[in-house]
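Below is one structure, written out as structure tokens; the observations come after it.
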Amino acid sequence: MLRAQTSFDLELDPQGPDALFFSTVEIQGQSAAGPFTRSVVLDASGKGQVVFPRGTSSYSIAVTASAPANDRIRNRDVVFVRLIDRDGLEILTPWAPAQLSEDCIGTSVSGELLARGACVVDKETADLSWTGQFSVGLAKATEFELNLSKLSGGDQLSFGDVRVIPKVKGVAGSAIDVALTGDQGSVMLPVDTTSYEVSVTARVPVGERIREQDVVSLGVTNQGLGIAAEKELQLSEDCLQTGLQVRSTKAEGSCADQNGDFVFLYHVKLKNPAATDDYLPFQLQRSWGVGAAHFKQLEVTSGSQILPLLGDQISVPAGVDAFTIKVVVDQSQTVDQGTLSLELTDANGEISSAVQALASDCEPLAHVDLKAITGQGSCVDSNGDPYVMYSVSFNKATQVNERIQLDLQRSWGRGDGRLGALEVTSGSQLLTVVNDQIVVPVGVRDFTVKVPVKRAQFTGGEHVTLTLKDEKGGELSDQEGFAEDCAPQVAVTLDRLEPQGGCVDDQGQAYFLFDVAFDHPSTLNERLDVALNPKFDAALGQVDLAAVNAYSAAGSLTVDVDRQQIVIPARTQQFSLRVPVRDAVFEGGEQLELQLSNDRSDVAVVDTFTPDCAQGRSLPDVHLFLLMDQSTSMNNPDPLVELASTNTRIEAQDRLAFLAYESALQQAGYGFRKVGSKTFKRIGDVPLIDTRSNSSRSVAEVLKRYELADDPGDARTPGDVHVHLIKYGYLVDYEKLEITPTDLGSGLPVEESILLTETPDQTYGDSLSTNQDWVQRGLPAPEARDLFKGTGQLASNLYSGTEMLGALHGLTDLLTGLSSTVDSADWVDIDLITDGRPERRAWWDARDGGAGVAIPLPAALGGDPITASGLLYDDAGAPRIVPTAAGVDQWTQTQTALNQALDQLAQQLDHPQTHLLVEAIGLGSNDRVNFPAIYSDLFSNRTFDNSGSSWSYDVVASDTLPLVTG
């Protein structure tokens, strides 16, 4: 058994035809965490690399080989294979021969099982459905054992009406009824079966009811073939329609890569995200012969996720709504013409296809160039293992999925330490590393590589060199040494780990709940070591890390069971951790200790179960202040949304503001559910409501079908959410909305106000005919200068202006009032978003001797008149204070009062460092205006200052955030 994740070189040596081609290599094995599958990419000499997970105890290797067009595979041909470890373990397997035979069908069958759905028909009955798939058709009629298990709840469940429908060469056969003995049975699948469906009816006794949280597992095994597939199903009244439907298939390419091989890309979009794990049949048809050019690589990716291939089926996980198929064709002979077509057959039997011509004079694909590799220093983690960090950047954001080849060279011998598993991240994304390649999804401008060293015996002067090669052949290297006095790369500290009291949810499930907070948002993906230490006897219940649910406002967090860690995405400051107890027979007083640690912290707390825990417990209120820019310049492009369907700064702002709103909902204990449904979805777990991958208007439309809901898995009553919307452009507008447990209907108006923000010129055009605010605020009648529109400008001067001084003045008034009413446990979140700088047309300003037009604030913000811009910047970023005509510096006065209000508010809160959060977000790109210089002064010297207090302040530029799509 392997004690750690280990890399191996795989070598194939054919003894037969002079040019035997290996198109696919698949390795299946068994590790401590369960079965696994690995695909190996081979070079022209039949060599590749594979990484086995920790705890690997056995494995099998399946290879597909083909002979040239004018030759044939012979029964006596032999292929040898061996593995050589790359991590200094001195593992070298002997050459293992495999003799080819025409009578060998079925000897390398692999199987996979997917959950299709579990729909509650009535209170006593549920229909369960699974789908199974084989890598190749069965060579003969084969018997499989079926085993049904009740994993969570469902003690009264019984199973019946078990039916299996095999598909032979893709055609559905007759249904086979399966008799159960207890919860076990067997089925004989016919020869050439490629897939099958299993349907089961679950029932409870009369008087009992099926619960939505009940979990059932189906296992399908055949020891002779080495198949042991298992898949869980959670029952649901909100049964999702299964079956994938293809919206579009688009071909891109072909083009020759740096090896001279042709690369084809096919982009597939589904009509809806996969409701459950599912399959999609595909077929590739080439017009040229095998001897001319053969498939060297076939890969399917969705973001950084690699979708498995099983025979002629693509395995599509739940939630995926688009993916890319990459086909590399080995140019072994000259081919000047020909076509490669892709066909996909969806659940309705409809075929979607795309055809691309093979051409030697193709247009280059939109691959990026490596721009820089910069070593970020080295350090030692909490286990005493050294590691080194690298930052990698491209010349632009990736337009298609990319494969970046990597190579690591160490200066020390194998006995002095081995390289551990690489961790590659981009923003909150964890990128996949396959063999010696990094899979980089669309929209990535840069990423970080963390290289750990295990069992190091360093004496000084050790270094490691990282070399990367992009798909155009560009290559960069950087050498980084290890230092004894390194500064930790992970800069966050666990600020709070608070038990919230063990309880029982609405479904009768016992659980323990913990809230976790860092001292400030993480800048990189963070990993926390986690340990669960029950203080009660195992006979009273069991806890399992695999069942733990960790979640933040960004959605569910990854729990890495193998490493005993939780993966925390970048920009996360707080999250919750729910530990369910299986088969609990608690009476009260039972305790669970949770221990979390990283490079800088090690914290452990104990939570206690209380039978009447739900009585009188509630979550704190949340006060959200969103300052949103409505100036006409917000219709210009922004780097954050350069790959989105709408590339404007106001689109970027609306998406970011909605994420802040979702964070407030999560803090208060709310989530979403479909109208008319009982199925609860936590914030971040509804793909169609994710503004990182969907446009603001699309999300606003989808939200009409959803409503806010209390989390049934949390016995505490949700808090109130007070949303303050301050929108500022040529004047300042204000709107306040509240969401409470008894009035959830305010959610949709809040959401639409955030997501559908418009600039005033979009709302009114170049007219005042429907604008009541102009007259009510006493603004002067427009003159020629107000109606002037410059050449190429999107709007006239009529609605120009960025009244940031008024917005900050109004915020100060609100925060001053909040200090007297806020509860010490409340959350206060403040987000200021802008596209550059305060502005006011010159003839309304007090600069250069002007009198200054009084633009009063709304009465709810104090109603004070603002008569000057207060602060201006030139295009180079140089600041200029603009006082009123009476010489009063309103900007500095407002800044002082604002920070005093924040300091006073911090004194009222128990945990101001985590519960009073201010974030300033700068939009725009550095074209003719020096935005970095402006933001450096505006956000550091002219607005927020927490240096004398304990509240948190963060500054973000949109061009440093992961790009959004949709």
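In the structure tokens, the first chain shown is A, the next is B, and so on; residue numbers restart at 1 for each chain, and ligands run from 1 in the order shown.
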Neighbouring residues of Leu794 of chain A were defined as those with any atom within 9 Å, considering only C-alpha atoms; residues of the same chain fewer than 6 positions away were excluded. Please report them as an mmCIF file with N, CA and C atoms, in the first residue's frame.
data_model
loop_
_atom_site.group_PDB
_atom_site.id
_atom_site.type_symbol
_atom_site.label_atom_id
_atom_site.label_comp_id
_atom_site.auth_asym_id
_atom_site.auth_seq_id
_atom_site.Cartn_x
_atom_site.Cartn_y
_atom_site.Cartn_z
ATOM 1 N N THR A 632 -22.398 57.788 -15.754
ATOM 2 C CA THR A 632 -22.540 57.343 -17.146
ATOM 3 C C THR A 632 -21.307 56.579 -17.632
ATOM 4 N N SER A 633 -20.149 56.828 -17.013
ATOM 5 C CA SER A 633 -18.937 56.113 -17.424
ATOM 6 C C SER A 633 -18.986 54.633 -17.058
ATOM 7 N N ASN A 635 -20.860 52.563 -18.173
ATOM 8 C CA ASN A 635 -21.189 51.776 -19.373
ATOM 9 C C ASN A 635 -19.950 51.407 -20.184
ATOM 10 N N ASN A 636 -18.768 51.831 -19.731
ATOM 11 C CA ASN A 636 -17.518 51.452 -20.398
ATOM 12 C C ASN A 636 -17.115 50.028 -19.998
ATOM 13 N N ASP A 761 -28.805 57.817 -17.869
ATOM 14 C CA ASP A 761 -29.005 58.044 -19.295
ATOM 15 C C ASP A 761 -29.681 56.840 -19.952
#
Determine, using only C-alpha atoms, which residues of segment 676-730 of chain A have any atom at most 12 Å from an atom of segment 829-853 of chain A, and tabulate each with its shortest atom pair and distance in Å to one decimal place, rows ordered by chain and then rising number, as CSV.
residue,atom,partner,partner_atom,distance
A:Val721,CA,A:Asp829,CA,10.8
A:His722,CA,A:Asp829,CA,10.3
A:Val723,CA,A:Asp829,CA,9.7
A:His724,CA,A:Ile830,CA,9.4
A:Leu725,CA,A:Asp831,CA,10.2
A:Ile726,CA,A:Leu832,CA,9.4
A:Lys727,CA,A:Ile833,CA,9.8
A:Tyr728,CA,A:Thr834,CA,9.5
A:Gly729,CA,A:Glu839,CA,8.9
A:Tyr730,CA,A:Arg840,CA,7.5
Might you pull out every residue within 7 Å of Asn797 of chain A, with only C-alpha atoms counted and same-chain residues fewer than 2 positions away left off, and present them as a PyMOL selection string? chain A and resi 786-789+795+799-800
Go ahead and save the residues from that selection, with all heavy atoms, as a PDB file, in the first residue's frame.
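Below you can see result.pdb, which holds the result:
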ATOM      1  N   ASP A 786     -25.052  71.292 -20.831  1.00  0.00           N
ATOM      2  CA  ASP A 786     -25.603  70.051 -20.260  1.00  0.00           C
ATOM      3  C   ASP A 786     -26.052  69.087 -21.346  1.00  0.00           C
ATOM      4  O   ASP A 786     -25.973  67.865 -21.178  1.00  0.00           O
ATOM      5  CB  ASP A 786     -26.787  70.363 -19.348  1.00  0.00           C
ATOM      6  CG  ASP A 786     -26.385  71.175 -18.136  1.00  0.00           C
ATOM      7  OD1 ASP A 786     -25.447  70.755 -17.439  1.00  0.00           O
ATOM      8  OD2 ASP A 786     -27.001  72.222 -17.892  1.00  0.00           O
ATOM      9  N   LEU A 787     -26.516  69.595 -22.462  1.00  0.00           N
ATOM     10  CA  LEU A 787     -27.053  68.749 -23.530  1.00  0.00           C
ATOM     11  C   LEU A 787     -26.004  68.374 -24.567  1.00  0.00           C
ATOM     12  O   LEU A 787     -26.300  67.610 -25.490  1.00  0.00           O
ATOM     13  CB  LEU A 787     -28.220  69.467 -24.211  1.00  0.00           C
ATOM     14  CG  LEU A 787     -29.405  69.812 -23.288  1.00  0.00           C
ATOM     15  CD1 LEU A 787     -30.446  70.613 -24.045  1.00  0.00           C
ATOM     16  CD2 LEU A 787     -30.014  68.539 -22.719  1.00  0.00           C
ATOM     17  N   PHE A 788     -24.784  68.888 -24.415  1.00  0.00           N
ATOM     18  CA  PHE A 788     -23.744  68.597 -25.402  1.00  0.00           C
ATOM     19  C   PHE A 788     -23.292  67.138 -25.279  1.00  0.00           C
ATOM     20  O   PHE A 788     -23.077  66.615 -24.185  1.00  0.00           O
ATOM     21  CB  PHE A 788     -22.548  69.530 -25.184  1.00  0.00           C
ATOM     22  CG  PHE A 788     -21.369  69.203 -26.066  1.00  0.00           C
ATOM     23  CD1 PHE A 788     -21.358  69.566 -27.409  1.00  0.00           C
ATOM     24  CD2 PHE A 788     -20.280  68.506 -25.547  1.00  0.00           C
ATOM     25  CE1 PHE A 788     -20.272  69.254 -28.218  1.00  0.00           C
ATOM     26  CE2 PHE A 788     -19.188  68.192 -26.345  1.00  0.00           C
ATOM     27  CZ  PHE A 788     -19.189  68.570 -27.692  1.00  0.00           C
ATOM     28  N   LYS A 789     -23.140  66.483 -26.435  1.00  0.00           N
ATOM     29  CA  LYS A 789     -22.631  65.107 -26.489  1.00  0.00           C
ATOM     30  C   LYS A 789     -21.415  65.099 -27.405  1.00  0.00           C
ATOM     31  O   LYS A 789     -21.518  65.415 -28.587  1.00  0.00           O
ATOM     32  CB  LYS A 789     -23.688  64.134 -26.990  1.00  0.00           C
ATOM     33  CG  LYS A 789     -23.185  62.689 -27.075  1.00  0.00           C
ATOM     34  CD  LYS A 789     -24.183  61.757 -27.758  1.00  0.00           C
ATOM     35  CE  LYS A 789     -25.425  61.567 -26.914  1.00  0.00           C
ATOM     36  NZ  LYS A 789     -26.311  60.517 -27.496  1.00  0.00           N
ATOM     37  N   ALA A 795     -23.215  59.185 -23.919  1.00  0.00           N
ATOM     38  CA  ALA A 795     -24.277  60.027 -23.357  1.00  0.00           C
ATOM     39  C   ALA A 795     -23.836  61.473 -23.366  1.00  0.00           C
ATOM     40  O   ALA A 795     -22.643  61.791 -23.450  1.00  0.00           O
ATOM     41  CB  ALA A 795     -24.601  59.574 -21.931  1.00  0.00           C
ATOM     42  N   TYR A 799     -26.573  63.890 -17.544  1.00  0.00           N
ATOM     43  CA  TYR A 799     -26.548  63.081 -16.324  1.00  0.00           C
ATOM     44  C   TYR A 799     -25.114  62.736 -15.892  1.00  0.00           C
ATOM     45  O   TYR A 799     -24.898  61.739 -15.212  1.00  0.00           O
ATOM     46  CB  TYR A 799     -27.355  61.798 -16.536  1.00  0.00           C
ATOM     47  CG  TYR A 799     -28.840  62.061 -16.678  1.00  0.00           C
ATOM     48  CD1 TYR A 799     -29.502  61.821 -17.882  1.00  0.00           C
ATOM     49  CD2 TYR A 799     -29.572  62.564 -15.613  1.00  0.00           C
ATOM     50  CE1 TYR A 799     -30.849  62.058 -18.016  1.00  0.00           C
ATOM     51  CE2 TYR A 799     -30.929  62.817 -15.732  1.00  0.00           C
ATOM     52  CZ  TYR A 799     -31.566  62.569 -16.939  1.00  0.00           C
ATOM     53  OH  TYR A 799     -32.910  62.819 -17.070  1.00  0.00           O
ATOM     54  N   SER A 800     -24.171  63.555 -16.277  1.00  0.00           N
ATOM     55  CA  SER A 800     -22.784  63.281 -15.898  1.00  0.00           C
ATOM     56  C   SER A 800     -22.569  63.656 -14.433  1.00  0.00           C
ATOM     57  O   SER A 800     -23.246  64.516 -13.872  1.00  0.00           O
ATOM     58  CB  SER A 800     -21.816  64.062 -16.789  1.00  0.00           C
ATOM     59  OG  SER A 800     -21.953  65.455 -16.563  1.00  0.00           O
TER      60      SER A 800
END
With only C-alpha atoms as the counted atoms, please give the residues lying no more than 8 Å from segment 506-515 of chain A, apart from itself and same-chain residues fewer than 3 positions off, as a PyMOL selection string. chain A and resi 153+211-213+496-503+574-582+584+592+607-609+712-713+715
Counting only C-alpha atoms, the option among A:Ser248, A:Gln591, A:Ser522, A:Thr742 closest to Pro534 of chain A: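 Selected residue with least distance to Pro534 of chain A: A:Gln591.
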Considering only strand (DSSP E) as DSSP defines it on the backbone, what residues of segment 554-739 of chain A qualify? List them as a ChimeraX atom specification. /A:555-556,558-560,565-568,574-580,591-597,602-608,622-629,670-674,706-710,721-728,732-739
Taking the DSSP assignment computed from this structure's backbone, write out as a PyMOL selection string all residues of segment 725-939 of chain A that belong to helix (DSSP H, G or I). chain A and resi 744-755+760-764+772-776+784-787+804-818+842-844+847-849+859-861+890-908+912-915+931-939
Give me the residues within 7 Å of segment 325-328 of chain A as a list in words, counting only C-alpha atoms and dropping any in the same chain fewer than 4 places off.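 With the cut-off at 7 Å, the set is Asp261, Phe262, Val263, Phe264, Leu265, Tyr266, His267, Phe295, Lys296, Gln297, Leu298, Glu299, Val300 and Thr301 of chain A.
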Would you list the contacts of Val392 of chain A as a PyMOL selection string, taking every protein, DNA or RNA residue within 9 Å and counting only C-alpha atoms, but skipping same-chain residues closer than 4 positions in sequence? chain A and resi 370-375+445-449
Convert the current residue selection to file output with C-alpha atoms, as a PDB file, in the first residue's frame.
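Dumped everything to result-v4.pdb:
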ATOM      1  CA  LEU A 370       3.362  32.607 -20.674  1.00  0.00           C
ATOM      2  CA  LYS A 371       4.309  36.086 -19.484  1.00  0.00           C
ATOM      3  CA  ALA A 372       6.185  35.567 -16.223  1.00  0.00           C
ATOM      4  CA  ILE A 373       7.057  33.136 -13.439  1.00  0.00           C
ATOM      5  CA  THR A 374       7.948  34.795 -10.160  1.00  0.00           C
ATOM      6  CA  GLY A 375       9.116  32.961  -7.054  1.00  0.00           C
ATOM      7  CA  ARG A 445      -4.969  35.349 -16.237  1.00  0.00           C
ATOM      8  CA  ASP A 446      -2.646  33.990 -13.573  1.00  0.00           C
ATOM      9  CA  PHE A 447      -2.261  31.177 -11.075  1.00  0.00           C
ATOM     10  CA  THR A 448      -0.144  30.140  -8.110  1.00  0.00           C
ATOM     11  CA  VAL A 449       1.868  26.934  -7.746  1.00  0.00           C
TER      12      VAL A 449
END
Given only C-alpha atoms as the basis, pick out the residue of A:Asn598, A:Ser696, A:Gln49, A:Thr345 nearest to Thr646 of chain A.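 Between A:Asn598, A:Ser696, A:Gln49, A:Thr345, the residue approaching Thr646 of chain A most closely is A:Ser696.
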Two-atom distance - atom CA of Thr821 of chain A, atom CA of Glu662 of chain A (Å): 23.6 Å
Here is a test: counting only C-alpha atoms, which residue of A:Tyr764, A:Phe482, A:Tyr387, A:Trp951 is nearest to Val918 of chain A? A:Trp951
Between A:Val603, A:Val699, A:Ala868, A:Val464, which residue has the minimum interatomic distance to Val888 of chain A, considering only C-alpha atoms? A:Ala868
Distance of atom CA of Asn647 of chain A from atom CA of Gly966 of chain A, expressed in Å to one decimal place: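 Those two atoms sit 10.6 Å apart.
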Counting only C-alpha atoms, which of A:Leu963, A:Val439, A:Ile866, A:Ile921 gets nearest to Ser693 of chain A? A:Leu963
Fewer than 6 positions away in the same chain doesn't count, so skip those; otherwise give me all residues within 7 Å of Tyr706 of chain A, counting only C-alpha atoms, as number ranges by chain. A: 672-675
